[in-house]
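Chemist: Here it is, the structure, as structure tokens.
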Amino acid sequence: MSAQLEKDLPWESSMLGILYKQLFVPQKPQTKGISLSGQTAVVTGSNGGLGLEASRQLLQLGLSRLIMAVRSQASGDEAAEVLRNKFPHADIQVWLLDMADYHSIHAFTKRYQGLGRVDYTILNAAVQSSNFEHHERTGHELVFQVNYVSTVLLCMLLAPILKDMKHTGATVKPPVLSIVGSDTMYLSKFSPAGPVFPRMDNPGSYERMTQYMDSKLLLMIFINRLAQQIGPDDVIINVCNPGMVAGTGLGRNGSQNPGFVEKYLLPLFVKTLGRSVQSGASVYIHALLDEGKKGHGSFISDWDIKPYPRLLYVNEGQEFSERLWQETMEELRPALGEVIGLYS
Ligand SMILES: NC(=O)c1ccc[n+]([C@@H]2O[C@H](COP(=O)([O-])OP(=O)(O)OC[C@H]3O[C@@H](n4cnc5c(N)ncnc54)[C@H](OP(=O)(O)O)[C@@H]3O)[C@@H](O)[C@H]2O)c1
């Protein structure tokens, strides 16, 4: 853990720092001369928003095969058609993946294994919602389920598959698995005391942004811990953040009777200060192509490696990380099956 990054934390994680970066940090130009010819990428939630734009940018760099993992065949087909028209030489496939359904995650994982080679994987699918909803089978709150529980499950299922894939040909680099987080995690006030799951599933304390920020904080902490178990020579794992982006679908799932703030103020805030979708998605491409092994286990934002959330720098946070790991492994034991033996 870099001492300099820790020093940067107070500024990087402050509201002022976040807004400053939104407005004044210029997009880093893409490294010149990169060709992704012969390579494969998989992007979840790629029927719209940042996932679709990241897919487009990868194809623009000459990617040969793209798997668009989506939960609706129709909207996936529609998005794929647009890309196929622009990039007729690429093999663009639409695969079904519902992050709220473990059967779907398992079926997807099996298909993924059959790809033989995957150079880049972006776990981008996530939700925000003003309405508390329990998952009908797992009983977990739905935002927590999709953004954290299912995302770390998929990540743990895919990492060993990637490790075992023997890439040949042009690329000798390890495959990259990038999980989309958010710098709103810095604003999370989630207490490290006590078990995590009951608190995240509690309708009494549910609030849209709090749940979203907390889910992304937990994601960063878990992925950091996971990355300690997987060598960057086998798979590079990182968490990337597009920053606040205007014009995506994330603002959906509002309240039935939204107040002034939700109806007018928040959308105006995002519209005024948000980056373009192109700019936000370019952070994903940076996390895949530019940071390499030094970005393993790290948080990549504003086209650079950024500090972890405060909890990871203090003793109670380290203990919390361990408890979160144990609690999550216990929860996911049945869904992980034999794969659980690969993790300790
Ligand atoms: N926009 C921002 O300001 C911002 C800032 C920081 C981080 N992020 C992160 O960036 C990522 C992309 O967000 P976005 O802004 O592009 O929002 P978006 O347009 O709503 O995209 C989210 C994607 O996730 C998919 N998804 C949601 N639930 C799913 C499920 N159960 N199974 C499979 N796919 C599911 C959505 O599919 P459907 O279309 O079928 O719903 C959609 O394709 C998210 O991880 C988000 O947290 C966004």
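Chains: A, B, ... in order of the structure tokens. Residues: from 1 per chain. Ligands: from 1, in order shown.
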Could you pull out the alpha helix (DSSP H) residues of stretch 72-185 of chain A from DSSP and send them as a short mmCIF file (atom, residue, chain, number, x, y, z; two decimals) with all heavy atoms, in the first residue's frame?
Modeler:
data_model
loop_
_atom_site.label_atom_id
_atom_site.label_comp_id
_atom_site.auth_asym_id
_atom_site.auth_seq_id
_atom_site.Cartn_x
_atom_site.Cartn_y
_atom_site.Cartn_z
N GLN A 73 -32.38 -10.12 -23.81
CA GLN A 73 -31.90 -10.49 -25.16
C GLN A 73 -32.22 -9.36 -26.15
O GLN A 73 -31.36 -8.97 -26.95
CB GLN A 73 -32.60 -11.80 -25.60
CG GLN A 73 -32.10 -12.36 -26.91
CD GLN A 73 -30.72 -13.01 -26.79
OE1 GLN A 73 -30.46 -13.78 -25.88
NE2 GLN A 73 -29.81 -12.68 -27.71
N ALA A 74 -33.45 -8.84 -26.06
CA ALA A 74 -33.87 -7.84 -27.05
C ALA A 74 -32.98 -6.59 -26.99
O ALA A 74 -32.50 -6.11 -28.03
CB ALA A 74 -35.33 -7.47 -26.81
N SER A 75 -32.74 -6.07 -25.79
CA SER A 75 -31.94 -4.83 -25.73
C SER A 75 -30.47 -5.13 -26.03
O SER A 75 -29.77 -4.29 -26.59
CB SER A 75 -32.12 -4.11 -24.39
OG SER A 75 -31.39 -4.76 -23.40
N GLY A 76 -30.01 -6.35 -25.73
CA GLY A 76 -28.64 -6.73 -26.09
C GLY A 76 -28.51 -6.81 -27.61
O GLY A 76 -27.54 -6.31 -28.19
N ASP A 77 -29.50 -7.44 -28.26
CA ASP A 77 -29.45 -7.58 -29.72
C ASP A 77 -29.47 -6.20 -30.39
O ASP A 77 -28.75 -5.97 -31.36
CB ASP A 77 -30.66 -8.39 -30.21
CG ASP A 77 -30.51 -9.88 -29.90
OD1 ASP A 77 -29.37 -10.31 -29.60
OD2 ASP A 77 -31.52 -10.61 -29.93
N GLU A 78 -30.29 -5.33 -29.84
CA GLU A 78 -30.39 -3.99 -30.42
C GLU A 78 -29.04 -3.26 -30.33
O GLU A 78 -28.57 -2.65 -31.30
CB GLU A 78 -31.46 -3.20 -29.65
CG GLU A 78 -32.00 -2.01 -30.39
CD GLU A 78 -33.08 -1.33 -29.56
OE1 GLU A 78 -34.00 -2.03 -29.06
OE2 GLU A 78 -32.97 -0.12 -29.38
N ALA A 79 -28.41 -3.33 -29.16
CA ALA A 79 -27.11 -2.66 -28.97
C ALA A 79 -26.04 -3.31 -29.84
O ALA A 79 -25.21 -2.63 -30.45
CB ALA A 79 -26.72 -2.74 -27.49
N ALA A 80 -26.09 -4.65 -29.92
CA ALA A 80 -25.08 -5.38 -30.72
C ALA A 80 -25.20 -5.01 -32.19
O ALA A 80 -24.18 -4.90 -32.89
CB ALA A 80 -25.25 -6.88 -30.53
N GLU A 81 -26.43 -4.82 -32.64
CA GLU A 81 -26.64 -4.50 -34.06
C GLU A 81 -25.94 -3.19 -34.43
O GLU A 81 -25.32 -3.07 -35.48
CB GLU A 81 -28.16 -4.41 -34.33
CG GLU A 81 -28.57 -4.77 -35.73
CD GLU A 81 -27.83 -5.95 -36.33
OE1 GLU A 81 -27.63 -6.98 -35.65
OE2 GLU A 81 -27.41 -5.83 -37.51
N VAL A 82 -26.06 -2.22 -33.53
CA VAL A 82 -25.41 -0.92 -33.76
C VAL A 82 -23.89 -1.13 -33.89
O VAL A 82 -23.24 -0.59 -34.79
CB VAL A 82 -25.73 0.06 -32.61
CG1 VAL A 82 -24.97 1.36 -32.75
CG2 VAL A 82 -27.23 0.30 -32.51
N LEU A 83 -23.34 -1.92 -32.98
CA LEU A 83 -21.89 -2.16 -33.01
C LEU A 83 -21.47 -2.98 -34.24
O LEU A 83 -20.44 -2.72 -34.85
CB LEU A 83 -21.44 -2.87 -31.72
CG LEU A 83 -21.59 -2.07 -30.42
CD1 LEU A 83 -21.16 -2.91 -29.21
CD2 LEU A 83 -20.78 -0.77 -30.48
N ARG A 84 -22.30 -3.96 -34.59
CA ARG A 84 -21.96 -4.79 -35.77
C ARG A 84 -21.92 -3.95 -37.03
O ARG A 84 -21.08 -4.16 -37.91
CB ARG A 84 -22.99 -5.92 -35.93
CG ARG A 84 -22.80 -7.02 -34.91
CD ARG A 84 -23.69 -8.23 -35.23
NE ARG A 84 -23.70 -9.14 -34.11
CZ ARG A 84 -24.78 -9.44 -33.37
NH1 ARG A 84 -25.95 -8.90 -33.64
NH2 ARG A 84 -24.68 -10.28 -32.35
N ASN A 85 -22.83 -2.98 -37.12
CA ASN A 85 -22.83 -2.11 -38.31
C ASN A 85 -21.55 -1.28 -38.38
O ASN A 85 -21.03 -1.03 -39.45
CB ASN A 85 -24.04 -1.17 -38.29
CG ASN A 85 -25.30 -1.93 -38.62
OD1 ASN A 85 -25.24 -2.95 -39.31
ND2 ASN A 85 -26.44 -1.47 -38.13
N LYS A 86 -21.06 -0.87 -37.21
CA LYS A 86 -19.84 -0.04 -37.19
C LYS A 86 -18.58 -0.86 -37.32
O LYS A 86 -17.56 -0.39 -37.82
CB LYS A 86 -19.78 0.72 -35.85
CG LYS A 86 -20.52 2.02 -35.86
CD LYS A 86 -20.10 2.85 -34.66
CE LYS A 86 -21.04 3.99 -34.45
NZ LYS A 86 -21.26 4.33 -33.06
N TYR A 102 -28.55 -16.70 -9.55
CA TYR A 102 -27.35 -17.55 -9.48
C TYR A 102 -27.31 -18.61 -10.60
O TYR A 102 -26.25 -18.97 -11.07
CB TYR A 102 -27.25 -18.24 -8.11
CG TYR A 102 -26.93 -17.31 -6.95
CD1 TYR A 102 -27.01 -17.76 -5.63
CD2 TYR A 102 -26.55 -15.99 -7.16
CE1 TYR A 102 -26.72 -16.92 -4.55
CE2 TYR A 102 -26.28 -15.13 -6.09
CZ TYR A 102 -26.36 -15.61 -4.80
OH TYR A 102 -26.09 -14.77 -3.74
N HIS A 103 -28.50 -19.10 -11.01
CA HIS A 103 -28.51 -20.09 -12.11
C HIS A 103 -27.94 -19.46 -13.37
O HIS A 103 -27.17 -20.06 -14.11
CB HIS A 103 -29.94 -20.59 -12.40
CG HIS A 103 -30.51 -21.38 -11.26
ND1 HIS A 103 -29.91 -22.52 -10.79
CD2 HIS A 103 -31.61 -21.19 -10.50
CE1 HIS A 103 -30.62 -23.00 -9.79
NE2 HIS A 103 -31.65 -22.20 -9.58
N SER A 104 -28.37 -18.23 -13.60
CA SER A 104 -27.89 -17.51 -14.78
C SER A 104 -26.38 -17.26 -14.68
O SER A 104 -25.65 -17.40 -15.66
CB SER A 104 -28.67 -16.18 -14.89
OG SER A 104 -28.14 -15.39 -15.89
N ILE A 105 -25.92 -16.91 -13.49
CA ILE A 105 -24.48 -16.66 -13.30
C ILE A 105 -23.68 -17.95 -13.56
O ILE A 105 -22.64 -17.93 -14.22
CB ILE A 105 -24.22 -16.11 -11.87
CG1 ILE A 105 -24.80 -14.69 -11.76
CG2 ILE A 105 -22.72 -16.10 -11.54
CD1 ILE A 105 -24.69 -14.07 -10.38
N HIS A 106 -24.21 -19.08 -13.09
CA HIS A 106 -23.50 -20.35 -13.31
C HIS A 106 -23.50 -20.74 -14.79
O HIS A 106 -22.48 -21.20 -15.31
CB HIS A 106 -24.14 -21.46 -12.46
CG HIS A 106 -23.73 -21.37 -11.02
ND1 HIS A 106 -24.62 -21.39 -9.98
CD2 HIS A 106 -22.51 -21.23 -10.45
CE1 HIS A 106 -23.96 -21.28 -8.82
NE2 HIS A 106 -22.68 -21.18 -9.09
N ALA A 107 -24.64 -20.56 -15.44
CA ALA A 107 -24.72 -20.91 -16.87
C ALA A 107 -23.75 -20.03 -17.67
O ALA A 107 -23.04 -20.51 -18.57
CB ALA A 107 -26.15 -20.73 -17.37
N PHE A 108 -23.70 -18.77 -17.29
CA PHE A 108 -22.81 -17.83 -17.98
C PHE A 108 -21.34 -18.25 -17.77
O PHE A 108 -20.53 -18.26 -18.69
CB PHE A 108 -23.06 -16.42 -17.44
CG PHE A 108 -22.08 -15.40 -17.93
CD1 PHE A 108 -22.21 -14.83 -19.18
CD2 PHE A 108 -20.99 -15.02 -17.14
CE1 PHE A 108 -21.29 -13.89 -19.64
CE2 PHE A 108 -20.07 -14.09 -17.58
CZ PHE A 108 -20.22 -13.52 -18.85
N THR A 109 -21.02 -18.61 -16.54
CA THR A 109 -19.64 -18.99 -16.20
C THR A 109 -19.19 -20.20 -17.02
O THR A 109 -18.07 -20.25 -17.53
CB THR A 109 -19.56 -19.32 -14.69
OG1 THR A 109 -20.03 -18.21 -13.96
CG2 THR A 109 -18.15 -19.63 -14.26
N LYS A 110 -20.10 -21.15 -17.20
CA LYS A 110 -19.78 -22.36 -17.97
C LYS A 110 -19.48 -22.00 -19.43
O LYS A 110 -18.52 -22.48 -20.02
CB LYS A 110 -20.99 -23.31 -17.91
CG LYS A 110 -20.64 -24.73 -18.03
CD LYS A 110 -21.78 -25.60 -17.60
CE LYS A 110 -21.45 -27.04 -17.99
NZ LYS A 110 -22.61 -27.89 -17.98
N ARG A 111 -20.30 -21.12 -19.96
CA ARG A 111 -20.10 -20.68 -21.35
C ARG A 111 -18.79 -19.92 -21.49
O ARG A 111 -18.06 -20.08 -22.48
CB ARG A 111 -21.25 -19.74 -21.73
CG ARG A 111 -22.12 -20.28 -22.81
CD ARG A 111 -23.21 -19.31 -23.15
NE ARG A 111 -23.28 -19.08 -24.58
CZ ARG A 111 -24.11 -18.24 -25.16
NH1 ARG A 111 -24.95 -17.54 -24.42
NH2 ARG A 111 -24.12 -18.08 -26.46
N TYR A 112 -18.51 -19.10 -20.50
CA TYR A 112 -17.28 -18.28 -20.48
C TYR A 112 -16.06 -19.18 -20.55
O TYR A 112 -15.12 -18.93 -21.29
CB TYR A 112 -17.33 -17.46 -19.19
CG TYR A 112 -16.20 -16.48 -18.93
CD1 TYR A 112 -16.35 -15.12 -19.21
CD2 TYR A 112 -15.01 -16.89 -18.33
CE1 TYR A 112 -15.35 -14.20 -18.92
CE2 TYR A 112 -14.00 -15.98 -18.04
CZ TYR A 112 -14.18 -14.64 -18.33
OH TYR A 112 -13.18 -13.73 -18.02
N GLN A 113 -16.12 -20.27 -19.80
CA GLN A 113 -15.01 -21.22 -19.78
C GLN A 113 -14.74 -21.77 -21.18
O GLN A 113 -13.59 -21.98 -21.56
CB GLN A 113 -15.37 -22.38 -18.84
CG GLN A 113 -14.23 -23.27 -18.49
CD GLN A 113 -14.49 -24.02 -17.20
OE1 GLN A 113 -15.64 -24.19 -16.78
NE2 GLN A 113 -13.44 -24.46 -16.54
N LEU A 142 -31.96 -5.95 -3.12
CA LEU A 142 -31.58 -6.17 -4.51
C LEU A 142 -30.33 -5.40 -4.99
O LEU A 142 -29.53 -5.93 -5.76
CB LEU A 142 -32.77 -5.83 -5.42
CG LEU A 142 -32.89 -6.67 -6.68
CD1 LEU A 142 -32.87 -8.16 -6.40
CD2 LEU A 142 -34.15 -6.29 -7.44
N VAL A 143 -30.16 -4.17 -4.52
CA VAL A 143 -28.96 -3.39 -4.92
C VAL A 143 -27.71 -4.07 -4.34
O VAL A 143 -26.70 -4.26 -5.03
CB VAL A 143 -29.07 -1.92 -4.43
CG1 VAL A 143 -27.77 -1.16 -4.66
CG2 VAL A 143 -30.24 -1.22 -5.12
N PHE A 144 -27.80 -4.44 -3.07
CA PHE A 144 -26.70 -5.15 -2.40
C PHE A 144 -26.42 -6.47 -3.13
O PHE A 144 -25.27 -6.84 -3.37
CB PHE A 144 -27.11 -5.38 -0.94
CG PHE A 144 -26.15 -6.19 -0.12
CD1 PHE A 144 -24.80 -5.87 -0.07
CD2 PHE A 144 -26.61 -7.27 0.64
CE1 PHE A 144 -23.91 -6.62 0.71
CE2 PHE A 144 -25.74 -8.01 1.42
CZ PHE A 144 -24.38 -7.69 1.46
N THR A 151 -21.76 -9.79 -7.76
CA THR A 151 -20.54 -9.36 -8.47
C THR A 151 -19.31 -10.07 -7.92
O THR A 151 -18.47 -10.54 -8.68
CB THR A 151 -20.40 -7.82 -8.41
OG1 THR A 151 -21.55 -7.24 -9.03
CG2 THR A 151 -19.15 -7.35 -9.14
N VAL A 152 -19.22 -10.18 -6.60
CA VAL A 152 -18.04 -10.88 -6.06
C VAL A 152 -18.14 -12.39 -6.35
O VAL A 152 -17.12 -13.05 -6.58
CB VAL A 152 -17.77 -10.60 -4.55
CG1 VAL A 152 -17.57 -9.12 -4.32
CG2 VAL A 152 -18.83 -11.16 -3.64
N LEU A 153 -19.37 -12.92 -6.39
CA LEU A 153 -19.53 -14.33 -6.75
C LEU A 153 -18.99 -14.57 -8.16
O LEU A 153 -18.16 -15.46 -8.39
CB LEU A 153 -21.02 -14.73 -6.68
CG LEU A 153 -21.37 -16.08 -7.30
CD1 LEU A 153 -20.71 -17.23 -6.55
CD2 LEU A 153 -22.89 -16.30 -7.34
N LEU A 154 -19.45 -13.75 -9.10
CA LEU A 154 -19.01 -13.92 -10.49
C LEU A 154 -17.50 -13.76 -10.61
O LEU A 154 -16.82 -14.51 -11.30
CB LEU A 154 -19.75 -12.91 -11.39
CG LEU A 154 -19.46 -13.02 -12.89
CD1 LEU A 154 -19.78 -14.41 -13.42
CD2 LEU A 154 -20.26 -11.97 -13.67
N CYS A 155 -16.98 -12.79 -9.89
CA CYS A 155 -15.55 -12.54 -9.92
C CYS A 155 -14.77 -13.76 -9.43
O CYS A 155 -13.78 -14.18 -10.04
CB CYS A 155 -15.31 -11.33 -9.00
SG CYS A 155 -13.73 -10.63 -9.20
N MET A 156 -15.25 -14.36 -8.35
CA MET A 156 -14.55 -15.53 -7.80
C MET A 156 -14.70 -16.76 -8.70
O MET A 156 -13.84 -17.64 -8.70
CB MET A 156 -15.05 -15.85 -6.39
CG MET A 156 -14.47 -14.88 -5.37
SD MET A 156 -14.76 -15.45 -3.70
CE MET A 156 -16.48 -15.09 -3.51
N LEU A 157 -15.80 -16.83 -9.45
CA LEU A 157 -15.97 -17.94 -10.38
C LEU A 157 -15.10 -17.76 -11.62
O LEU A 157 -14.56 -18.72 -12.16
CB LEU A 157 -17.45 -18.06 -10.80
CG LEU A 157 -18.43 -18.50 -9.70
CD1 LEU A 157 -19.88 -18.37 -10.18
CD2 LEU A 157 -18.16 -19.94 -9.24
N LEU A 158 -14.95 -16.52 -12.07
CA LEU A 158 -14.21 -16.27 -13.31
C LEU A 158 -12.69 -16.28 -13.12
O LEU A 158 -11.96 -16.71 -14.01
CB LEU A 158 -14.63 -14.93 -13.93
CG LEU A 158 -16.10 -14.79 -14.36
CD1 LEU A 158 -16.31 -13.47 -15.09
CD2 LEU A 158 -16.54 -15.95 -15.25
N ALA A 159 -12.24 -15.79 -11.97
CA ALA A 159 -10.78 -15.66 -11.78
C ALA A 159 -10.02 -16.98 -12.01
O ALA A 159 -9.04 -16.99 -12.76
CB ALA A 159 -10.47 -15.06 -10.41
N PRO A 160 -10.46 -18.11 -11.40
CA PRO A 160 -9.71 -19.35 -11.67
C PRO A 160 -9.80 -19.82 -13.12
O PRO A 160 -8.86 -20.43 -13.63
CB PRO A 160 -10.36 -20.38 -10.73
CG PRO A 160 -11.53 -19.73 -10.10
CD PRO A 160 -11.52 -18.28 -10.40
N ILE A 161 -10.90 -19.50 -13.78
CA ILE A 161 -11.02 -19.88 -15.20
C ILE A 161 -9.99 -19.11 -16.00
O ILE A 161 -9.28 -19.65 -16.84
CB ILE A 161 -12.45 -19.57 -15.72
CG1 ILE A 161 -13.48 -20.43 -14.99
CG2 ILE A 161 -12.53 -19.78 -17.23
CD1 ILE A 161 -14.92 -20.14 -15.36
N LEU A 162 -9.89 -17.82 -15.70
CA LEU A 162 -8.91 -16.98 -16.41
C LEU A 162 -7.49 -17.47 -16.16
O LEU A 162 -6.65 -17.50 -17.05
CB LEU A 162 -9.05 -15.52 -15.97
CG LEU A 162 -10.25 -14.77 -16.55
CD1 LEU A 162 -10.42 -13.42 -15.85
CD2 LEU A 162 -10.09 -14.56 -18.05
N LYS A 163 -7.25 -17.84 -14.92
CA LYS A 163 -5.92 -18.31 -14.54
C LYS A 163 -5.54 -19.55 -15.36
O LYS A 163 -4.39 -19.71 -15.75
CB LYS A 163 -5.92 -18.62 -13.04
CG LYS A 163 -4.58 -18.93 -12.47
CD LYS A 163 -4.65 -19.17 -10.98
CE LYS A 163 -3.35 -19.81 -10.52
NZ LYS A 163 -3.41 -20.34 -9.19
N ASP A 164 -6.53 -20.41 -15.60
CA ASP A 164 -6.24 -21.67 -16.30
C ASP A 164 -6.20 -21.53 -17.81
O ASP A 164 -5.77 -22.45 -18.50
CB ASP A 164 -7.29 -22.73 -15.92
CG ASP A 164 -7.06 -23.22 -14.50
OD1 ASP A 164 -5.98 -22.93 -13.95
OD2 ASP A 164 -7.97 -23.87 -13.94
#
Chemist: Any idea what's packed within 10 Å of stretch 199-209 of chain A, counting only C-alpha atoms, ignoring anything in its chain fewer than 5 positions away? Could you give it as JSON, numbers by chain?
Modeler: {"A": [128, 129, 130, 131, 132, 133, 134, 135, 139, 140, 141, 142, 143, 144, 145, 184, 187, 188, 190, 191, 194, 214, 215, 253, 254, 255]}
Chemist: Looking only at the backbone, which of the residues in stretch 272-311 of chain A does DSSP tag as strand (DSSP E or B), as a list in words?
Modeler: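 Matching residues, listed in order: Arg275, Phe299, Ile300, Ser301, Asp304, Ile305 and Lys306 of chain A.
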Chemist: All residues within 8 Å of ligand 1 are required, counting only C-alpha atoms and all ligand atoms; please report them as a ChimeraX atom specification.
Modeler: /A:44-52,69-72,75,97-101,123-128,146-147,179-184,212,216,241-252,270,274-275,277,280
Chemist: Provide the atom CA of A:Asp119 to atom CA of A:Thr40 distance in Å, to one decimal place.
Modeler: 5.4 Å
Chemist: My list of candidates is A:Ala41, A:Leu61, A:Met329, A:Ile221. Which is closest to A:Tyr313 when distances are computed with only C-alpha atoms?
Modeler: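 Of all the options, A:Ile221 lies closest to A:Tyr313.
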Chemist: Could you check which of A:Gly292, A:Pro307, A:Pro29, A:Pro192 is closest to A:Arg323, using only C-alpha atoms?
Modeler: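 Of A:Gly292, A:Pro307, A:Pro29, A:Pro192, the one nearest A:Arg323 is A:Pro192, counting only C-alpha atoms.
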Chemist: So how many Å separate atom CA of A:Ser37 and atom CA of A:Ile230, to one decimal?
Modeler: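 If I compute the distance from atom CA of A:Ser37 to atom CA of A:Ile230, I get 26.8 Å.
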Chemist: Just want the 12 Å neighbourhood of A:Ile285, counted on only C-alpha atoms, with same-chain residues fewer than 3 positions away dropped. Output as JSON, numbers by chain.
Modeler: {"A": [27, 28, 29, 30, 31, 34, 36, 41, 43, 50, 51, 53, 54, 55, 56, 57, 58, 59, 60, 61, 120, 121, 122, 176, 177, 178, 179, 180, 240, 241, 242, 278, 279, 280, 281, 282, 288, 289, 290, 291, 292, 300, 301, 302, 303, 304]}
Chemist: For stretch 1-10 of chain A, find every residue with an atom within 9 Å (counting only C-alpha atoms), except residues of its own chain fewer than 3 positions away, and show them as a short mmCIF file (atom, residue, chain, number, x, y, z; two decimals) with N, CA and C atoms, in the first residue's frame.
Modeler:
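Just written: result_19.cif:
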data_model
loop_
_atom_site.label_atom_id
_atom_site.label_comp_id
_atom_site.auth_asym_id
_atom_site.auth_seq_id
_atom_site.Cartn_x
_atom_site.Cartn_y
_atom_site.Cartn_z
N SER A 13 -10.71 11.89 -1.16
CA SER A 13 -11.99 11.36 -0.70
C SER A 13 -12.94 12.46 -0.22
N SER A 14 -12.49 13.72 -0.29
CA SER A 14 -13.39 14.80 0.16
C SER A 14 -14.36 15.16 -0.96
N GLY A 17 -12.68 17.49 -3.28
CA GLY A 17 -11.72 16.80 -4.13
C GLY A 17 -12.42 16.06 -5.26
N ILE A 305 -3.99 5.41 -10.52
CA ILE A 305 -4.26 4.62 -9.31
C ILE A 305 -4.51 5.58 -8.17
N LYS A 306 -5.60 5.36 -7.45
CA LYS A 306 -6.03 6.29 -6.39
C LYS A 306 -6.05 5.58 -5.04
N PRO A 307 -6.15 6.36 -3.95
CA PRO A 307 -6.14 5.72 -2.63
C PRO A 307 -7.34 4.79 -2.43
N TYR A 308 -7.12 3.84 -1.53
CA TYR A 308 -8.22 3.00 -1.07
C TYR A 308 -9.11 3.85 -0.16
N PRO A 309 -10.29 3.34 0.16
CA PRO A 309 -11.09 4.04 1.17
C PRO A 309 -10.40 4.00 2.53
N ARG A 310 -10.74 4.94 3.38
CA ARG A 310 -10.06 5.13 4.67
C ARG A 310 -9.95 3.83 5.47
N TYR A 313 -6.88 1.67 5.56
CA TYR A 313 -5.62 2.16 6.12
C TYR A 313 -5.57 2.08 7.64
#
